[in-house]
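For reference, the structure is listed below as structure tokens.
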Amino acid sequence: MVDPIRPLKALFYEYVLNRKFTVVVKEVLSSTEHDTGTNPEGKSIIHLAARDKPLDTALLRTCVDQLKSFIFAGLDTTATLIQWLCYEMSKAFYSAHHAVILARLREEHDTIFGPAPSSALGILASLTGSSSSSGREVPLAQSLPYTIAFINETLRLRPPVATVRAVPWGAPPISLPHPSGAEHGRVDIAGLQIYPPPYLIYRNPHNWGPDAHLFSPSR
């Protein structure tokens with residue numbers, strides 16, 4: 001059944017969300033105008049995007065739109081990744097290959113976090129801010145290399161996001177090579193929409209070997 005009220009409700013909630021985000025962005029951009037600090041590491045992404053730009057309607061709208069993309073797109077892709085991580089771990093119940101992977105993952109976590117799950121959060125927080133003998137912060141990836149490899153392998157086989165890029169109008173023609181070495185001649189690519197398919201790229205045996213379809217964090 002079609003709900004005739006739903007489009008109006010969507011417009012209303014979008015208006016409310018845009019209005020609240022605009023207030024936040026205005027506050028941040030206003031503080032940017034009076035900020036003389038030179039350290040970019042302590043700045044938010046709004047600070048960096050609006051640096052040296054006049055505060056006008058176009059800038060506000062752009063920042064609000066990008067902020068919504070970061071919040072909602074980031075939530076969806078992260079949730080999708082977590083689901084695929086759980087899916088790959090669940091295969092350990094019927095796959096000897098995945099059972100070995102899960103055992104190694106647990107071994108690394110027990111070594112770093114200890115056997116008690118309740119203490120993991122505190123240890124994780126201390127690892128995030130830990131420093132080496134030289135005083136530099138130690139990346140978490142150095143403490144959990146196999147966990148990071150497990151996540152990267154999941155992203156390789158189950159990419160939760162794709163992208164499309166457009167060739168600018170006025171771009172010159174290019175020569176497209178053929179696997180045989182021959183050329184197809186000059187091709188006009190101005191305005192072309194390019195979609196690199198991550199699913200095919202990350203499963204290409206030419207790049208990943210004959211076991212490209214195998215889940216293997218050790219690769």
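Following the order of the structure tokens, first chain is A, next is B, and so on, with residues numbered from 1 inside each chain and ligands from 1 in the order they appear.
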- Item | Residue neighbourhood segment 182-198 of chain A, 7 Å, only C-alpha atoms, exclusion window fewer than 3 positions, as a ChimeraX atom specification | /A:159,162-178,201-202
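Going from atom CA of Ser90 of chain A over to atom CA of Ala125 of chain A, you cover 27.0 Å.
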- Query: At what distance in Å, to one decimal, does atom CA of Ile151 of chain A lie from atom CA of Leu85 of chain A?
  - Reply: 7.1 Å
- as JSON, numbers by chain, list the residues of segment 21-111 of chain A assigned to alpha helix (DSSP H) by DSSP on the backbone atoms of this structure. {"A": [21, 22, 23, 24, 25, 26, 27, 28, 29, 30, 31, 32, 33, 45, 46, 47, 48, 49, 57, 58, 59, 60, 61, 62, 63, 64, 65, 66, 67, 68, 74, 75, 76, 77, 78, 79, 80, 81, 82, 83, 84, 85, 86, 87, 88, 89, 90, 96, 97, 98, 99, 100, 101, 102, 103, 104, 105, 106, 107, 108, 109, 110, 111]}
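What separates atom CA of Asp211 of chain A from atom CA of Arg156 of chain A is a distance of 13.0 Å.
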- Task: Write down as number ranges by chain the residues belonging to segment 13-216 of chain A that are assigned strand (DSSP E or B) by DSSP computed on the backbone.
- Result: A: 131, 137, 165-166, 174-177, 183-187, 193-194
Preceding selection exported with C-alpha atoms as a PDB file, in the first residue's frame:
```pdb
ATOM      1  CA  SER A 131      53.994   5.181  22.918  1.00  0.00           C
ATOM      2  CA  GLU A 137      52.461   6.706  19.347  1.00  0.00           C
ATOM      3  CA  ARG A 165      34.427   8.737 -11.068  1.00  0.00           C
ATOM      4  CA  ALA A 166      33.774  11.092 -13.970  1.00  0.00           C
ATOM      5  CA  ILE A 174      43.626   8.143 -24.876  1.00  0.00           C
ATOM      6  CA  SER A 175      44.874   4.835 -26.262  1.00  0.00           C
ATOM      7  CA  LEU A 176      43.355   1.744 -24.649  1.00  0.00           C
ATOM      8  CA  PRO A 177      45.728  -1.235 -24.594  1.00  0.00           C
ATOM      9  CA  GLU A 183      45.972  -0.974 -29.297  1.00  0.00           C
ATOM     10  CA  HIS A 184      42.385  -0.098 -30.105  1.00  0.00           C
ATOM     11  CA  GLY A 185      43.340   3.375 -31.281  1.00  0.00           C
ATOM     12  CA  ARG A 186      42.407   6.677 -29.719  1.00  0.00           C
ATOM     13  CA  VAL A 187      39.202   6.707 -27.666  1.00  0.00           C
ATOM     14  CA  GLN A 193      31.590   7.700 -16.061  1.00  0.00           C
ATOM     15  CA  ILE A 194      34.108   5.171 -14.730  1.00  0.00           C
TER      16      ILE A 194
END
```
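Among the candidates A:Ile112, A:Val16, A:Leu157, A:Leu121, the one nearest to Leu144 of chain A when counting only C-alpha atoms is A:Ile112.
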- Query: Looking at only C-alpha atoms, which of A:Leu127, A:Leu102, A:Leu67, A:His47 is the one that sits closest to Ser30 of chain A?
  - Reply: A:His47
Each segment 49-112 of chain A residue no farther than 12 Å from segment 212-215 of chain A, nearest pair in Å, only C-alpha atoms, as CSV:
```
residue,atom,partner,partner_atom,distance
A:Trp84,CA,A:Phe215,CA,11.9
A:Leu85,CA,A:Phe215,CA,11.4
A:Tyr87,CA,A:Phe215,CA,11.8
A:Glu88,CA,A:Phe215,CA,8.4
A:Met89,CA,A:Phe215,CA,10.8
A:Lys91,CA,A:Phe215,CA,10.7
A:Ala92,CA,A:Phe215,CA,11.9
A:Ser95,CA,A:Phe215,CA,11.5
A:His97,CA,A:Phe215,CA,8.9
A:His98,CA,A:Phe215,CA,8.2
A:Ala99,CA,A:Phe215,CA,11.9
A:Val100,CA,A:Phe215,CA,11.7
A:Ile101,CA,A:Phe215,CA,9.4
A:Leu102,CA,A:Phe215,CA,11.9
```
